[in-house]
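protein_20.txt (compact mmCIF, C-alpha atoms) appears below.
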# COMPACT_ATOMS: atom_id res chain seq x y z
CA MET L 390 18.27 -17.65 -93.74
CA GLU L 391 21.80 -17.54 -92.34
CA LEU L 392 24.36 -15.19 -93.87
CA SER L 393 28.06 -15.93 -94.24
CA LEU L 394 30.59 -13.48 -92.82
CA ILE L 395 31.39 -12.18 -96.34
CA GLN L 396 27.68 -11.62 -97.03
CA LYS L 397 27.31 -9.78 -93.73
CA ILE L 398 30.22 -7.48 -94.52
CA ALA L 399 28.85 -6.80 -98.03
CA ILE L 400 25.43 -5.92 -96.59
CA PHE L 401 26.74 -3.66 -93.82
CA VAL L 402 29.62 -1.84 -95.52
CA LEU L 403 27.65 0.91 -97.30
CA PRO L 404 25.16 1.54 -94.46
CA VAL L 405 27.96 1.78 -91.89
CA ILE L 406 30.15 4.11 -93.95
CA PHE L 407 27.33 6.49 -94.85
CA ALA L 408 25.68 6.39 -91.42
CA ILE L 409 28.90 7.52 -89.77
CA THR L 410 30.20 9.96 -92.39
CA LEU L 411 26.91 11.74 -93.16
CA HIS L 412 26.34 12.10 -89.41
CA GLU L 413 29.59 14.07 -89.21
CA ALA L 414 28.96 16.09 -92.36
CA ALA L 415 25.59 17.18 -90.93
CA HIS L 416 27.33 18.66 -87.88
CA GLY L 417 29.60 20.73 -90.13
CA TYR L 418 26.78 21.91 -92.38
CA VAL L 419 24.63 23.11 -89.49
CA ALA L 420 27.64 24.72 -87.78
CA ARG L 421 28.31 26.71 -90.98
CA HIS L 422 24.65 27.73 -91.09
CA PHE L 423 24.99 29.21 -87.58
CA GLY L 424 28.27 31.00 -88.26
CA ASP L 425 31.18 28.58 -87.71
CA THR L 426 33.12 27.96 -90.93
CA THR L 427 35.82 25.73 -89.37
CA ALA L 428 34.58 22.49 -90.95
CA ALA L 429 33.92 24.19 -94.30
CA ALA L 430 37.44 25.62 -94.41
CA LEU L 431 38.87 22.12 -93.87
CA GLY L 432 36.71 20.59 -96.61
CA ARG L 433 34.72 18.47 -94.16
CA ILE L 434 31.24 19.47 -95.35
CA THR L 435 31.13 16.87 -98.07
CA LEU L 436 29.33 13.65 -98.97
CA ASN L 437 32.67 12.06 -99.86
CA PRO L 438 33.13 9.30 -97.25
CA LEU L 439 36.92 9.37 -97.71
CA LYS L 440 37.00 12.78 -96.01
CA HIS L 441 35.39 11.36 -92.87
CA ILE L 442 36.62 7.76 -92.59
CA ASP L 443 38.65 6.91 -89.52
CA PRO L 444 40.56 3.66 -90.25
CA VAL L 445 39.93 2.35 -86.75
CA GLY L 446 36.45 3.67 -85.93
CA THR L 447 34.84 3.42 -89.37
CA ILE L 448 36.42 0.18 -90.57
CA LEU L 449 38.29 -1.91 -87.98
CA VAL L 450 35.91 -1.58 -85.02
CA PRO L 451 32.65 -2.34 -86.93
CA LEU L 452 34.44 -5.17 -88.80
CA ALA L 453 35.74 -6.64 -85.53
CA ILE L 454 32.25 -6.44 -84.00
CA LEU L 455 30.74 -8.15 -87.06
CA ILE L 456 33.31 -10.96 -86.87
CA ALA L 457 32.91 -11.38 -83.10
CA SER L 458 29.12 -11.31 -83.44
CA LYS L 459 29.28 -14.03 -86.10
CA LEU L 460 31.64 -16.21 -84.06
CA LEU L 461 29.72 -15.73 -80.81
CA GLY L 462 26.28 -16.15 -82.28
CA GLY L 463 25.08 -12.55 -82.67
CA GLY L 464 23.58 -10.16 -80.16
CA MET L 465 26.34 -7.54 -80.16
CA ILE L 466 25.67 -3.82 -80.68
CA LEU L 467 27.30 -2.68 -83.92
CA PHE L 468 28.79 0.78 -83.67
CA GLY L 469 31.73 2.88 -84.82
CA TRP L 470 32.83 6.45 -85.38
CA ALA L 471 34.32 8.77 -87.97
CA LYS L 472 36.82 11.60 -87.77
CA PRO L 473 34.98 14.19 -85.67
CA VAL L 474 34.06 17.29 -87.64
CA PRO L 475 35.76 20.25 -85.92
CA VAL L 476 33.30 22.79 -84.56
CA ASN L 477 34.38 26.02 -82.87
CA PHE L 478 31.35 26.74 -80.73
CA GLY L 479 32.78 30.20 -79.94
CA GLN L 480 32.23 31.20 -83.57
CA LEU L 481 28.52 30.39 -83.50
CA ARG L 482 26.29 33.45 -83.45
CA ARG L 483 24.63 32.32 -80.21
CA PRO L 484 27.04 29.65 -78.91
CA LYS L 485 24.91 28.12 -76.16
CA GLN L 486 21.63 28.11 -78.08
CA ASP L 487 23.07 27.16 -81.47
CA MET L 488 25.06 24.30 -79.94
CA LEU L 489 21.76 22.40 -79.62
CA TRP L 490 21.10 22.47 -83.37
CA VAL L 491 24.68 21.60 -84.29
CA ALA L 492 24.62 18.61 -81.91
CA ALA L 493 21.13 17.48 -82.96
CA ALA L 494 22.10 17.51 -86.65
CA GLY L 495 24.00 14.20 -86.39
CA PRO L 496 21.21 12.10 -84.86
CA GLY L 497 18.75 13.93 -87.12
CA MET L 498 20.71 12.79 -90.17
CA ASN L 499 20.69 9.21 -88.84
CA LEU L 500 16.90 9.43 -88.57
CA VAL L 501 16.67 10.58 -92.20
CA MET L 502 18.95 7.75 -93.32
CA ALA L 503 17.01 5.16 -91.30
CA VAL L 504 13.85 6.25 -93.14
CA PHE L 505 15.73 6.05 -96.46
CA TRP L 506 16.87 2.49 -95.76
CA GLY L 507 13.33 1.57 -94.71
CA LEU L 508 12.18 2.71 -98.16
CA VAL L 509 14.96 0.58 -99.68
CA ILE L 510 13.36 -2.41 -97.96
CA GLN L 511 10.06 -1.48 -99.57
CA LEU L 512 11.79 -1.28 -102.96
CA GLY L 513 13.37 -4.70 -102.43
CA HIS L 514 9.99 -6.10 -101.44
CA ALA L 515 8.43 -4.68 -104.61
CA LEU L 516 11.16 -6.29 -106.75
CA GLY L 517 10.50 -9.68 -105.18
CA SER L 518 12.93 -12.34 -103.98
CA GLY L 519 15.01 -12.33 -107.14
CA PHE L 520 18.59 -11.24 -107.78
CA ALA L 521 18.17 -7.66 -106.49
CA GLY L 522 15.15 -7.81 -104.19
CA THR L 523 16.53 -9.86 -101.30
CA PRO L 524 19.93 -8.09 -101.12
CA LEU L 525 18.18 -4.71 -101.11
CA MET L 526 15.88 -5.79 -98.29
CA LEU L 527 18.79 -7.10 -96.21
CA MET L 528 20.94 -4.03 -96.86
CA GLY L 529 17.96 -1.85 -95.99
CA ALA L 530 17.53 -3.71 -92.69
CA ALA L 531 21.23 -3.24 -91.92
CA GLY L 532 20.88 0.46 -92.76
CA VAL L 533 17.89 0.92 -90.49
CA PHE L 534 19.61 -0.91 -87.64
CA ILE L 535 22.97 0.89 -87.74
CA ASN L 536 21.36 4.32 -88.05
CA VAL L 537 18.92 3.62 -85.23
CA ILE L 538 21.81 2.49 -83.02
CA LEU L 539 23.91 5.57 -83.79
CA MET L 540 20.91 7.82 -83.20
CA ALA L 541 20.08 6.19 -79.85
CA LEU L 542 23.73 6.08 -78.72
CA ASN L 543 24.41 9.70 -79.59
CA LEU L 544 21.29 10.93 -77.83
CA ILE L 545 22.56 9.66 -74.46
CA PRO L 546 23.06 12.85 -72.36
CA LEU L 547 26.76 12.35 -71.77
CA PRO L 548 29.46 14.71 -73.08
CA PRO L 549 31.05 14.48 -75.64
CA LEU L 550 28.12 12.62 -77.23
CA ASP L 551 25.58 14.75 -79.08
CA GLY L 552 23.05 14.22 -76.31
CA GLY L 553 25.54 15.65 -73.84
CA ARG L 554 25.99 18.78 -75.93
CA ILE L 555 22.21 19.11 -76.26
CA ALA L 556 21.95 18.88 -72.46
CA VAL L 557 24.64 21.56 -72.03
CA SER L 558 22.68 23.81 -74.39
CA LEU L 559 19.44 23.33 -72.47
CA LEU L 560 20.75 23.55 -68.90
CA PRO L 561 21.08 26.88 -67.06
CA VAL L 562 24.56 28.39 -67.42
CA LYS L 563 25.92 27.33 -64.01
CA GLN L 564 24.70 23.75 -64.31
CA ALA L 565 25.80 23.60 -67.97
CA ILE L 566 29.38 24.55 -67.01
CA GLN L 567 29.45 21.92 -64.28
CA PHE L 568 27.97 19.25 -66.54
CA SER L 569 30.38 20.04 -69.39
CA ARG L 570 33.30 19.17 -67.09
CA LEU L 571 32.36 15.51 -67.56
CA GLU L 572 33.56 15.62 -71.18
CA PRO L 573 37.16 14.42 -70.58
CA TYR L 574 35.74 11.36 -68.78
CA GLY L 575 32.80 10.73 -71.11
CA LEU L 576 34.46 7.95 -73.13
CA PHE L 577 35.54 6.10 -69.99
CA ILE L 578 32.03 6.40 -68.53
CA LEU L 579 30.58 5.08 -71.79
CA LEU L 580 32.97 2.11 -71.80
CA GLY L 581 32.08 1.41 -68.17
CA LEU L 582 28.38 1.41 -69.06
CA LEU L 583 29.12 -0.91 -72.00
CA PHE L 584 31.10 -3.51 -70.04
CA THR L 585 28.69 -3.53 -67.09
CA GLY L 586 25.71 -4.10 -69.39
CA ILE L 587 24.01 -0.86 -68.31
CA LEU L 588 24.45 0.64 -71.78
CA GLY L 589 22.40 -2.16 -73.31
CA ILE L 590 19.67 -1.67 -70.71
CA ILE L 591 19.52 2.01 -71.69
CA LEU L 592 19.80 1.54 -75.45
CA TRP L 593 17.60 -1.43 -76.34
CA PRO L 594 14.28 0.20 -75.36
CA LEU L 595 15.26 3.29 -77.38
CA ILE L 596 16.32 1.14 -80.32
CA ALA L 597 13.01 -0.76 -80.22
CA LEU L 598 11.10 2.53 -80.09
CA PHE L 599 12.98 3.98 -83.06
CA ILE L 600 12.59 0.77 -85.10
CA GLY L 601 8.85 0.92 -84.51
CA LEU L 602 8.85 4.57 -85.61
CA ILE L 603 10.76 3.78 -88.82
CA ALA L 604 8.35 0.94 -89.59
CA LEU L 605 5.40 3.28 -89.09
CA VAL L 606 6.82 6.07 -91.26
CA THR L 607 7.88 3.78 -94.12
CA GLY L 608 4.76 1.60 -94.11
CA LEU L 609 6.57 -1.55 -93.01
CA GLU L 610 5.21 -4.09 -90.57
CA SER L 611 7.22 -3.89 -87.34
CA ALA L 612 7.46 -7.69 -87.20
CA GLN L 613 8.78 -7.77 -90.79
CA LEU L 614 11.43 -5.15 -90.08
CA ILE L 615 12.52 -6.83 -86.85
CA GLY L 616 12.67 -10.18 -88.64
CA LEU L 617 14.94 -8.76 -91.36
CA ILE L 618 17.19 -7.17 -88.75
CA GLN L 619 17.45 -10.50 -86.95
CA VAL L 620 18.53 -12.12 -90.22
CA VAL L 621 21.36 -9.63 -90.82
CA LEU L 622 22.50 -9.93 -87.20
CA SER L 623 22.33 -13.71 -86.90

Take the structure in this file and express it as structure tokens.
Amino acid sequence: MELSLIQKIAIFVLPVIFAITLHEAAHGYVARHFGDTTAAALGRITLNPLKHIDPVGTILVPLAILIASKLLGGGMILFGWAKPVPVNFGQLRRPKQDMLWVAAAGPGMNLVMAVFWGLVIQLGHALGSGFAGTPLMLMGAAGVFINVILMALNLIPLPPLDGGRIAVSLLPVKQAIQFSRLEPYGLFILLGLLFTGILGIILWPLIALFIGLIALVTGLESAQLIGLIQVVLS
């Protein structure tokens, strides 16, 4: 099965929007739980995607990657970003320790959503290859893939990614301060890793591991899940 560009966009649009926006909302919710009400005061702890959508990161960049992937024959890593939820770590009850949970909330939400989309595949499979079954299976595969990518990418220990903040929380104070100074250069380092191909070398084993985990948890065959993902990416 080969999907047209319009079909690809239709399959990916909901998974991409919710993967990115719920990731951000989770940061704000956990920050409020540990004492920082900044995101809550700005109305950013919400399931309304419109509150989190960044026109470039949530729409244009993923769309451009989808188009380029289609024109170039697939194989590109689909990613994007939303408006970052503001967190004042100084307002957390235990800033250094609580930072870990605030940072981990985003990838944790992507894990939950990946499991949800895996169950959507199971629902589509139960409905059969009729009007609803196949689209649900393909959308579920897109949902698993985009959430697994965002989870793996954000767990890289590089500030300002979530993995970088987790590392700062876990390191001794002196080393944490030194490591946190990388944050202004984090995006440039990430782009360098992307264009040199090193990012793919780091991410693909993690992505494969997480896909296998989602298949195990949701009762899917790994080969079936990988095959569906290949269809939506081709």

Which residue is closest to Ile400 in chain L? Choose from L:Leu544, L:Val501, L:Val620, L:Ala429 and count only C-alpha atoms.
L:Val620

If we count all atoms listed in the file, what is near Pro594 in chain L at a cut-off of 12 Å, once residues fewer than 5 positions away on the same chain are taken out, given as a VMD selection string?
chain L and resid 537 to 538 541 to 542 588 to 589 599 to 601

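For the residues L:Phe534, L:Phe568, L:Phe478, L:Tyr418, ranking by smallest atom-to-atom distance to Pro546 in chain L using all atoms listed in the file places L:Phe568 first.
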
Rounded to one decimal in Å, what is the spacing between CA of Leu583 in chain L and CA of Glu391 in chain L?
27.3 Å

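Separating CA of Met498 in chain L from CA of Met528 in chain L is a distance of 18.1 Å.
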
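Proximity of L:Phe401, L:Ala515, L:Arg554, L:Leu392 to Ile566 in chain L, computed with all atoms listed in the file, is greatest for L:Arg554.
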
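Taking CA of Asp487 in chain L and CA of His416 in chain L as the two end points, the separation is 11.5 Å.
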
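When all atoms listed in the file are used to measure the gap to Ser569 in chain L, the shortest distance among L:Gly432, L:Asn543, L:Lys485, L:Val621 belongs to L:Lys485.
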
Counting all atoms listed in the file, what is within 12 Å of range 557-561 of chain L, bar same-chain residues fewer than 5 positions away, as an NGL selection string?
:L and (478 or 483-493 or 546-552 or 566-572)

Could you give me, as a PyMOL selection string, the residues within 9 Å of Asn536 in chain L, counting only C-alpha atoms and dropping anything in the same chain fewer than 2 positions from it?
chain L and resi 404-405+408-409+496+498-503+531-534+538-541

So that I have them on file, write out the residues from the current selection with C-alpha atoms, as an mmCIF file, in the coordinates of the input.
data_model
loop_
_atom_site.group_PDB
_atom_site.id
_atom_site.type_symbol
_atom_site.label_atom_id
_atom_site.label_comp_id
_atom_site.auth_asym_id
_atom_site.auth_seq_id
_atom_site.Cartn_x
_atom_site.Cartn_y
_atom_site.Cartn_z
ATOM 1 C CA PRO L 404 25.160 1.540 -94.460
ATOM 2 C CA VAL L 405 27.960 1.780 -91.890
ATOM 3 C CA ALA L 408 25.680 6.390 -91.420
ATOM 4 C CA ILE L 409 28.900 7.520 -89.770
ATOM 5 C CA PRO L 496 21.210 12.100 -84.860
ATOM 6 C CA MET L 498 20.710 12.790 -90.170
ATOM 7 C CA ASN L 499 20.690 9.210 -88.840
ATOM 8 C CA LEU L 500 16.900 9.430 -88.570
ATOM 9 C CA VAL L 501 16.670 10.580 -92.200
ATOM 10 C CA MET L 502 18.950 7.750 -93.320
ATOM 11 C CA ALA L 503 17.010 5.160 -91.300
ATOM 12 C CA ALA L 531 21.230 -3.240 -91.920
ATOM 13 C CA GLY L 532 20.880 0.460 -92.760
ATOM 14 C CA VAL L 533 17.890 0.920 -90.490
ATOM 15 C CA PHE L 534 19.610 -0.910 -87.640
ATOM 16 C CA ILE L 538 21.810 2.490 -83.020
ATOM 17 C CA LEU L 539 23.910 5.570 -83.790
ATOM 18 C CA MET L 540 20.910 7.820 -83.200
ATOM 19 C CA ALA L 541 20.080 6.190 -79.850
#

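Restricting the calculation to only C-alpha atoms, the smallest distance between Met526 in chain L and any of L:Gln613, L:Asn477, L:Thr435, L:Thr427 is found for L:Gln613.
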
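The closest residue to Leu592 in chain L, picked from L:Ala604, L:His422, L:Leu394, L:Leu579 and counting all atoms listed in the file, is L:Leu579.
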
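The residue set within 12 Å of range 610-612 of chain L, counting all atoms listed in the file and dropping same-chain residues fewer than 3 places from it, reads Gly507, Ile510, Gln511, Ala530, Ala597, Leu598, Phe599, Ile600, Gly601, Leu602, Ile603, Ala604, Leu605, Val606, Thr607, Ile615, Gly616, Leu617, Ile618 and Gln619 of chain L.
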
With C-alpha atoms kept, could you save the residues just selected as a JSON list (two decimals), in the frame of the given file?
[["chain", "number", "residue", "atom", "x", "y", "z"],
["L", 507, "GLY", "CA", 13.33, 1.57, -94.71],
["L", 510, "ILE", "CA", 13.36, -2.41, -97.96],
["L", 511, "GLN", "CA", 10.06, -1.48, -99.57],
["L", 530, "ALA", "CA", 17.53, -3.71, -92.69],
["L", 597, "ALA", "CA", 13.01, -0.76, -80.22],
["L", 598, "LEU", "CA", 11.10, 2.53, -80.09],
["L", 599, "PHE", "CA", 12.98, 3.98, -83.06],
["L", 600, "ILE", "CA", 12.59, 0.77, -85.10],
["L", 601, "GLY", "CA", 8.85, 0.92, -84.51],
["L", 602, "LEU", "CA", 8.85, 4.57, -85.61],
["L", 603, "ILE", "CA", 10.76, 3.78, -88.82],
["L", 604, "ALA", "CA", 8.35, 0.94, -89.59],
["L", 605, "LEU", "CA", 5.40, 3.28, -89.09],
["L", 606, "VAL", "CA", 6.82, 6.07, -91.26],
["L", 607, "THR", "CA", 7.88, 3.78, -94.12],
["L", 615, "ILE", "CA", 12.52, -6.83, -86.85],
["L", 616, "GLY", "CA", 12.67, -10.18, -88.64],
["L", 617, "LEU", "CA", 14.94, -8.76, -91.36],
["L", 618, "ILE", "CA", 17.19, -7.17, -88.75],
["L", 619, "GLN", "CA", 17.45, -10.50, -86.95]]

Listed atoms of range 584-598 of chain L boxed axis-aligned with 4 Å per side, centre + edges as AutoDock Vina command-line options:
--center_x 21.1 --center_y -0.4 --center_z -73.7 --size_x 28.0 --size_y 15.4 --size_z 21.2
